[in-house]
Amino acid sequence: MNSLYLWINLGAFSIPFLYSFHPKLKLYKQWKAIFLAIALTMCFYIPWDIVFTQNGFWGFNKLYYLEKTILKLPIEEWLFFICIPYACIFTHYALLFYFPNLGISEKILKPLSYGIAFLLFVLSFIYHSNWYTVINFLYAGILILCCIKTNPTLLRRYFVTFSVILIPFFIVNGLLTGSFIPEEVVWYNPNQIIGIRLFTIPIEDTVYAFTMVLTNLWLVEFFKKKFTH
């Protein structure tokens, strides 16, 4: 069982990786932009992870990882920020390949984006003593506002593709937070979250997934433009 976290990562990564060589999708041709985006996103999320782990805001169950650590994070946690974003990036572009007009209406993009950002800022204020909630929601609100200014097309499409990404997200994150297994792989300090859970998943994790994937996609789009000029 101490390899469960590793197998969750590899399971999420394997099929998208193999299908990256599909003769129509050819996602491997975008690997330079994708892996550079993943590396830069890790530069933000890994320090966040280290600080939160050291302060006991969340942690990892030794029953489910190999106990090999880098900067006190399990090696599987480092792999998480490679495997899961890659799988989500693949899903986003695969959906757009087969449904090129996918996206919400341009008319509702700004009202929806501003409304979500405003709600996230309000919740950050209300739950100001919960560090995971505050940092997570504040960053999500700021990121949405940045995307609406710099790449509204990405955001318009992402609102739809993320709704599909949520399906495997609930499976993977459900396992990590204790669904279908005796104990959770990742535990959360109840004093640092709102306490609302979707099955076993803290509501904050949904926002965390939204921002982690969107950060990666924004950077992928940025680098793709740079590399084609």
# chains A, B, ... in the order shown; residues from 1 in each chain; ligands from 1
>>> residues_around(residues="Thr177 of chain A", least_positions_apart="2", cutoff="8 Å", atoms="only C-alpha atoms", output="PyMOL selection string")
chain A and resi 173-175+179+183-187+200-201
>>> select_by_dssp(residues="segment 7-118 of chain A", states="strand (DSSP E)", output="NGL selection string")
:A and (58-60 or 69-70 or 73-74)
>>> residues_around(residues="Tyr64 of chain A", least_positions_apart="2", cutoff="10 Å", atoms="only C-alpha atoms", output="number ranges by chain")
A: 1-7, 60-62, 66-67, 76, 176, 183-186
>>> write_last_selection(atoms="all heavy atoms", output="compact mmCIF listing (two decimals), in the first residue's frame")
# COMPACT_ATOMS: atom_id res chain seq x y z
N MET A 1 0.82 -1.21 0.00
CA MET A 1 0.00 0.00 0.00
C MET A 1 0.85 1.27 0.00
O MET A 1 0.38 2.34 -0.32
CB MET A 1 -0.92 0.00 1.23
CG MET A 1 -2.03 -1.03 1.16
SD MET A 1 -3.22 -0.69 -0.16
CE MET A 1 -4.08 0.70 0.55
N ASN A 2 2.13 1.16 0.41
CA ASN A 2 2.93 2.38 0.50
C ASN A 2 3.33 2.93 -0.86
O ASN A 2 4.02 3.95 -0.94
CB ASN A 2 4.17 2.16 1.37
CG ASN A 2 5.12 1.12 0.78
OD1 ASN A 2 4.80 0.43 -0.17
ND2 ASN A 2 6.29 1.02 1.39
N SER A 3 2.91 2.27 -1.93
CA SER A 3 3.16 2.80 -3.27
C SER A 3 1.89 3.34 -3.92
O SER A 3 1.90 3.68 -5.10
CB SER A 3 3.77 1.70 -4.16
OG SER A 3 2.88 0.61 -4.30
N LEU A 4 0.80 3.44 -3.14
CA LEU A 4 -0.48 3.87 -3.72
C LEU A 4 -0.40 5.24 -4.36
O LEU A 4 -0.88 5.45 -5.48
CB LEU A 4 -1.57 3.85 -2.65
CG LEU A 4 -2.95 4.31 -3.12
CD1 LEU A 4 -3.50 3.39 -4.21
CD2 LEU A 4 -3.92 4.38 -1.95
N TYR A 5 0.20 6.21 -3.67
CA TYR A 5 0.29 7.58 -4.20
C TYR A 5 1.06 7.58 -5.52
O TYR A 5 0.71 8.27 -6.47
CB TYR A 5 0.95 8.49 -3.17
CG TYR A 5 0.78 9.97 -3.42
CD1 TYR A 5 0.03 10.46 -4.49
CD2 TYR A 5 1.36 10.91 -2.57
CE1 TYR A 5 -0.12 11.82 -4.70
CE2 TYR A 5 1.22 12.27 -2.77
CZ TYR A 5 0.48 12.71 -3.85
OH TYR A 5 0.33 14.07 -4.06
N LEU A 6 2.12 6.77 -5.59
CA LEU A 6 2.89 6.67 -6.83
C LEU A 6 2.04 6.14 -7.96
O LEU A 6 2.06 6.67 -9.08
CB LEU A 6 4.10 5.76 -6.60
CG LEU A 6 4.97 5.47 -7.83
CD1 LEU A 6 5.61 6.75 -8.36
CD2 LEU A 6 6.03 4.42 -7.50
N TRP A 7 1.26 5.09 -7.69
CA TRP A 7 0.44 4.49 -8.74
C TRP A 7 -0.70 5.40 -9.17
O TRP A 7 -1.12 5.38 -10.33
CB TRP A 7 -0.10 3.14 -8.27
CG TRP A 7 0.95 2.07 -8.31
CD1 TRP A 7 1.53 1.44 -7.25
CD2 TRP A 7 1.57 1.52 -9.48
NE1 TRP A 7 2.47 0.54 -7.66
CE2 TRP A 7 2.51 0.56 -9.03
CE3 TRP A 7 1.43 1.74 -10.85
CZ2 TRP A 7 3.30 -0.16 -9.92
CZ3 TRP A 7 2.22 1.02 -11.72
CH2 TRP A 7 3.13 0.08 -11.27
N PHE A 60 0.91 14.12 4.80
CA PHE A 60 0.83 12.91 3.99
C PHE A 60 0.90 11.68 4.88
O PHE A 60 1.69 11.62 5.83
CB PHE A 60 1.96 12.90 2.97
CG PHE A 60 2.03 14.17 2.16
CD1 PHE A 60 2.88 15.21 2.54
CD2 PHE A 60 1.22 14.35 1.05
CE1 PHE A 60 2.93 16.39 1.83
CE2 PHE A 60 1.26 15.53 0.33
CZ PHE A 60 2.12 16.56 0.73
N ASN A 61 0.07 10.72 4.56
CA ASN A 61 -0.03 9.49 5.32
C ASN A 61 1.08 8.53 4.91
O ASN A 61 1.16 8.11 3.75
CB ASN A 61 -1.41 8.85 5.07
CG ASN A 61 -1.70 7.71 6.01
OD1 ASN A 61 -0.80 7.05 6.52
ND2 ASN A 61 -2.98 7.46 6.25
N LYS A 62 1.94 8.15 5.85
CA LYS A 62 3.10 7.31 5.54
C LYS A 62 2.71 5.92 5.05
O LYS A 62 3.55 5.19 4.51
CB LYS A 62 4.01 7.20 6.76
CG LYS A 62 4.71 8.51 7.11
CD LYS A 62 5.69 8.32 8.26
CE LYS A 62 6.43 9.61 8.56
NZ LYS A 62 7.41 9.45 9.67
N LEU A 66 6.32 6.24 -0.40
CA LEU A 66 7.55 5.46 -0.26
C LEU A 66 8.52 6.04 0.76
O LEU A 66 9.59 5.47 0.98
CB LEU A 66 8.25 5.34 -1.63
CG LEU A 66 7.43 4.64 -2.71
CD1 LEU A 66 8.19 4.66 -4.03
CD2 LEU A 66 7.12 3.19 -2.31
N GLU A 67 8.19 7.17 1.35
CA GLU A 67 9.00 7.83 2.38
C GLU A 67 10.33 8.35 1.86
O GLU A 67 11.25 8.60 2.64
CB GLU A 67 9.23 6.90 3.58
CG GLU A 67 7.94 6.52 4.29
CD GLU A 67 8.18 5.83 5.63
OE1 GLU A 67 9.00 6.35 6.42
OE2 GLU A 67 7.55 4.80 5.87
N GLU A 76 6.43 11.47 -4.40
CA GLU A 76 5.15 11.37 -5.10
C GLU A 76 4.45 12.72 -5.19
O GLU A 76 3.72 12.97 -6.15
CB GLU A 76 4.22 10.37 -4.38
CG GLU A 76 4.68 8.93 -4.44
CD GLU A 76 5.60 8.56 -3.28
OE1 GLU A 76 6.14 9.48 -2.61
OE2 GLU A 76 5.77 7.35 -3.03
N LEU A 176 -7.10 10.34 -3.03
CA LEU A 176 -6.10 11.01 -2.18
C LEU A 176 -6.68 11.45 -0.85
O LEU A 176 -5.96 11.52 0.16
CB LEU A 176 -5.51 12.22 -2.92
CG LEU A 176 -4.62 11.91 -4.13
CD1 LEU A 176 -4.18 13.21 -4.80
CD2 LEU A 176 -3.41 11.08 -3.74
N GLU A 183 -7.83 4.93 4.85
CA GLU A 183 -7.39 6.23 5.36
C GLU A 183 -7.01 7.12 4.18
O GLU A 183 -6.73 6.64 3.08
CB GLU A 183 -6.19 6.07 6.29
CG GLU A 183 -6.46 5.23 7.53
CD GLU A 183 -5.23 5.12 8.42
OE1 GLU A 183 -4.44 6.10 8.46
OE2 GLU A 183 -5.04 4.06 9.05
N GLU A 184 -6.99 8.43 4.43
CA GLU A 184 -6.63 9.37 3.37
C GLU A 184 -5.13 9.34 3.09
O GLU A 184 -4.33 9.05 3.98
CB GLU A 184 -7.06 10.80 3.72
CG GLU A 184 -6.31 11.43 4.87
CD GLU A 184 -6.88 11.11 6.23
OE1 GLU A 184 -7.74 10.21 6.32
OE2 GLU A 184 -6.46 11.74 7.22
N VAL A 185 -4.76 9.62 1.84
CA VAL A 185 -3.35 9.77 1.47
C VAL A 185 -2.86 11.15 1.91
O VAL A 185 -1.77 11.29 2.45
CB VAL A 185 -3.16 9.61 -0.06
CG1 VAL A 185 -1.68 9.80 -0.43
CG2 VAL A 185 -3.65 8.24 -0.52
N VAL A 186 -3.69 12.16 1.67
CA VAL A 186 -3.38 13.54 2.07
C VAL A 186 -4.41 13.97 3.11
O VAL A 186 -5.61 13.86 2.87
CB VAL A 186 -3.42 14.49 0.86
CG1 VAL A 186 -3.08 15.92 1.30
CG2 VAL A 186 -2.48 14.02 -0.24
>>> closest_residue(among="A:Lys32, A:Tyr208, A:Ile181, A:Ile194", to="Leu138 of chain A", atoms="only C-alpha atoms")
A:Tyr208
>>> select_by_dssp(residues="segment 132-194 of chain A", states="helix (DSSP H, G or I)", output="NGL selection string")
:A and (132-150 or 152-176 or 190-192)
>>> atom_distance(atom1="atom CA of Trp218 of chain A", atom2="atom CA of Ala37 of chain A")
8.3 Å
>>> residues_around(residues="Ile15 of chain A", least_positions_apart="3", cutoff="12 Å", atoms="only C-alpha atoms", output="PyMOL selection string")
chain A and resi 9-12+18-22+83-84+86-88+90-91
>>> write_last_selection(atoms="C-alpha atoms", output="mmCIF file, in the first residue's frame")
data_model
loop_
_atom_site.group_PDB
_atom_site.id
_atom_site.type_symbol
_atom_site.label_atom_id
_atom_site.label_comp_id
_atom_site.auth_asym_id
_atom_site.auth_seq_id
_atom_site.Cartn_x
_atom_site.Cartn_y
_atom_site.Cartn_z
ATOM 1 C CA ASN A 9 0.211 9.602 -10.269
ATOM 2 C CA LEU A 10 1.389 7.112 -12.875
ATOM 3 C CA GLY A 11 -2.145 5.973 -13.623
ATOM 4 C CA ALA A 12 -3.305 9.535 -14.251
ATOM 5 C CA LEU A 18 0.521 7.495 -24.666
ATOM 6 C CA TYR A 19 -2.237 9.293 -26.544
ATOM 7 C CA SER A 20 0.029 12.309 -26.961
ATOM 8 C CA PHE A 21 1.481 10.417 -29.913
ATOM 9 C CA HIS A 22 -1.912 10.019 -31.574
ATOM 10 C CA CYS A 83 1.542 13.994 -13.810
ATOM 11 C CA ILE A 84 -1.776 15.630 -12.931
ATOM 12 C CA TYR A 86 -0.033 16.963 -17.889
ATOM 13 C CA ALA A 87 -3.158 14.801 -17.833
ATOM 14 C CA CYS A 88 -5.366 17.893 -17.511
ATOM 15 C CA PHE A 90 -3.972 16.767 -22.527
ATOM 16 C CA THR A 91 -7.697 16.623 -21.729
#
>>> closest_atom_pairs(of="segment 64-123 of chain A", to="segment 144-163 of chain A", cutoff="9 Å", atoms="only C-alpha atoms", output="Markdown table")
| residue | atom | partner | partner_atom | distance |
| --- | --- | --- | --- | --- |
| A:Cys88 | CA | A:Phe162 | CA | 8.5 |
| A:Thr91 | CA | A:Thr161 | CA | 7.7 |
| A:His92 | CA | A:Thr161 | CA | 5.6 |
| A:Tyr93 | CA | A:Thr161 | CA | 8.8 |
| A:Leu95 | CA | A:Thr161 | CA | 7.0 |
| A:Leu96 | CA | A:Arg157 | CA | 8.2 |
| A:Asn101 | CA | A:Arg157 | CA | 8.4 |
| A:Leu102 | CA | A:Arg157 | CA | 6.0 |
| A:Gly103 | CA | A:Arg157 | CA | 4.0 |
| A:Ile104 | CA | A:Arg156 | CA | 5.4 |
| A:Ser105 | CA | A:Arg156 | CA | 7.4 |
| A:Glu106 | CA | A:Arg156 | CA | 7.1 |
| A:Leu109 | CA | A:Arg156 | CA | 6.2 |
| A:Lys110 | CA | A:Ile148 | CA | 7.2 |
| A:Ser113 | CA | A:Ile144 | CA | 6.5 |
| A:Tyr114 | CA | A:Leu145 | CA | 7.2 |
| A:Ile116 | CA | A:Ile144 | CA | 8.3 |
| A:Ala117 | CA | A:Ile144 | CA | 6.6 |
>>> write_last_selection(atoms="N, CA, C and O atoms", output="JSON list (two decimals), in the first residue's frame")
[["chain", "number", "residue", "atom", "x", "y", "z"],
["A", 88, "CYS", "N", -4.32, 16.88, -17.33],
["A", 88, "CYS", "CA", -5.37, 17.89, -17.51],
["A", 88, "CYS", "C", -5.12, 18.73, -18.77],
["A", 88, "CYS", "O", -6.07, 19.08, -19.49],
["A", 91, "THR", "N", -6.23, 16.65, -21.64],
["A", 91, "THR", "CA", -7.70, 16.62, -21.73],
["A", 91, "THR", "C", -8.24, 17.91, -22.35],
["A", 91, "THR", "O", -9.12, 17.87, -23.21],
["A", 92, "HIS", "N", -7.69, 19.05, -21.93],
["A", 92, "HIS", "CA", -8.12, 20.35, -22.46],
["A", 92, "HIS", "C", -7.92, 20.41, -23.97],
["A", 92, "HIS", "O", -8.86, 20.73, -24.71],
["A", 93, "TYR", "N", -6.73, 20.08, -24.44],
["A", 93, "TYR", "CA", -6.44, 20.20, -25.87],
["A", 93, "TYR", "C", -7.11, 19.10, -26.70],
["A", 93, "TYR", "O", -7.47, 19.32, -27.86],
["A", 95, "LEU", "N", -10.09, 17.84, -26.02],
["A", 95, "LEU", "CA", -11.47, 18.31, -26.16],
["A", 95, "LEU", "C", -11.58, 19.39, -27.23],
["A", 95, "LEU", "O", -12.52, 19.38, -28.05],
["A", 96, "LEU", "N", -10.62, 20.31, -27.25],
["A", 96, "LEU", "CA", -10.65, 21.38, -28.24],
["A", 96, "LEU", "C", -10.37, 20.86, -29.65],
["A", 96, "LEU", "O", -10.86, 21.43, -30.63],
["A", 101, "ASN", "N", -15.12, 24.51, -31.33],
["A", 101, "ASN", "CA", -15.93, 25.67, -30.95],
["A", 101, "ASN", "C", -16.37, 25.62, -29.49],
["A", 101, "ASN", "O", -17.22, 26.41, -29.07],
["A", 102, "LEU", "N", -15.78, 24.72, -28.74],
["A", 102, "LEU", "CA", -16.15, 24.56, -27.33],
["A", 102, "LEU", "C", -15.84, 25.83, -26.54],
["A", 102, "LEU", "O", -14.78, 26.41, -26.69],
["A", 103, "GLY", "N", -16.77, 26.24, -25.71],
["A", 103, "GLY", "CA", -16.55, 27.42, -24.87],
["A", 103, "GLY", "C", -17.86, 28.07, -24.50],
["A", 103, "GLY", "O", -18.88, 27.87, -25.17],
["A", 104, "ILE", "N", -17.85, 28.83, -23.43],
["A", 104, "ILE", "CA", -19.05, 29.56, -23.05],
["A", 104, "ILE", "C", -19.22, 30.78, -23.94],
["A", 104, "ILE", "O", -18.28, 31.20, -24.63],
["A", 105, "SER", "N", -20.38, 31.35, -23.94],
["A", 105, "SER", "CA", -20.66, 32.52, -24.76],
["A", 105, "SER", "C", -19.79, 33.71, -24.34],
["A", 105, "SER", "O", -19.54, 33.93, -23.14],
["A", 106, "GLU", "N", -19.32, 34.45, -25.31],
["A", 106, "GLU", "CA", -18.52, 35.65, -25.02],
["A", 106, "GLU", "C", -19.33, 36.67, -24.22],
["A", 106, "GLU", "O", -18.77, 37.46, -23.45],
["A", 109, "LEU", "N", -19.00, 35.73, -20.54],
["A", 109, "LEU", "CA", -17.66, 35.48, -20.02],
["A", 109, "LEU", "C", -17.26, 36.49, -18.94],
["A", 109, "LEU", "O", -16.86, 36.11, -17.84],
["A", 110, "LYS", "N", -17.37, 37.78, -19.26],
["A", 110, "LYS", "CA", -16.95, 38.78, -18.28],
["A", 110, "LYS", "C", -17.84, 38.80, -17.04],
["A", 110, "LYS", "O", -17.31, 38.81, -15.91],
["A", 113, "SER", "N", -16.92, 35.72, -15.01],
["A", 113, "SER", "CA", -15.56, 35.80, -14.47],
["A", 113, "SER", "C", -15.49, 36.78, -13.31],
["A", 113, "SER", "O", -14.93, 36.47, -12.25],
["A", 114, "TYR", "N", -16.05, 37.97, -13.51],
["A", 114, "TYR", "CA", -16.03, 38.97, -12.44],
["A", 114, "TYR", "C", -16.84, 38.51, -11.24],
["A", 114, "TYR", "O", -16.47, 38.76, -10.09],
["A", 116, "ILE", "N", -17.40, 35.35, -10.26],
["A", 116, "ILE", "CA", -16.66, 34.31, -9.53],
["A", 116, "ILE", "C", -15.51, 34.92, -8.75],
["A", 116, "ILE", "O", -15.28, 34.57, -7.58],
["A", 117, "ALA", "N", -14.78, 35.84, -9.39],
["A", 117, "ALA", "CA", -13.65, 36.48, -8.70],
["A", 117, "ALA", "C", -14.13, 37.24, -7.47],
["A", 117, "ALA", "O", -13.51, 37.16, -6.39]]
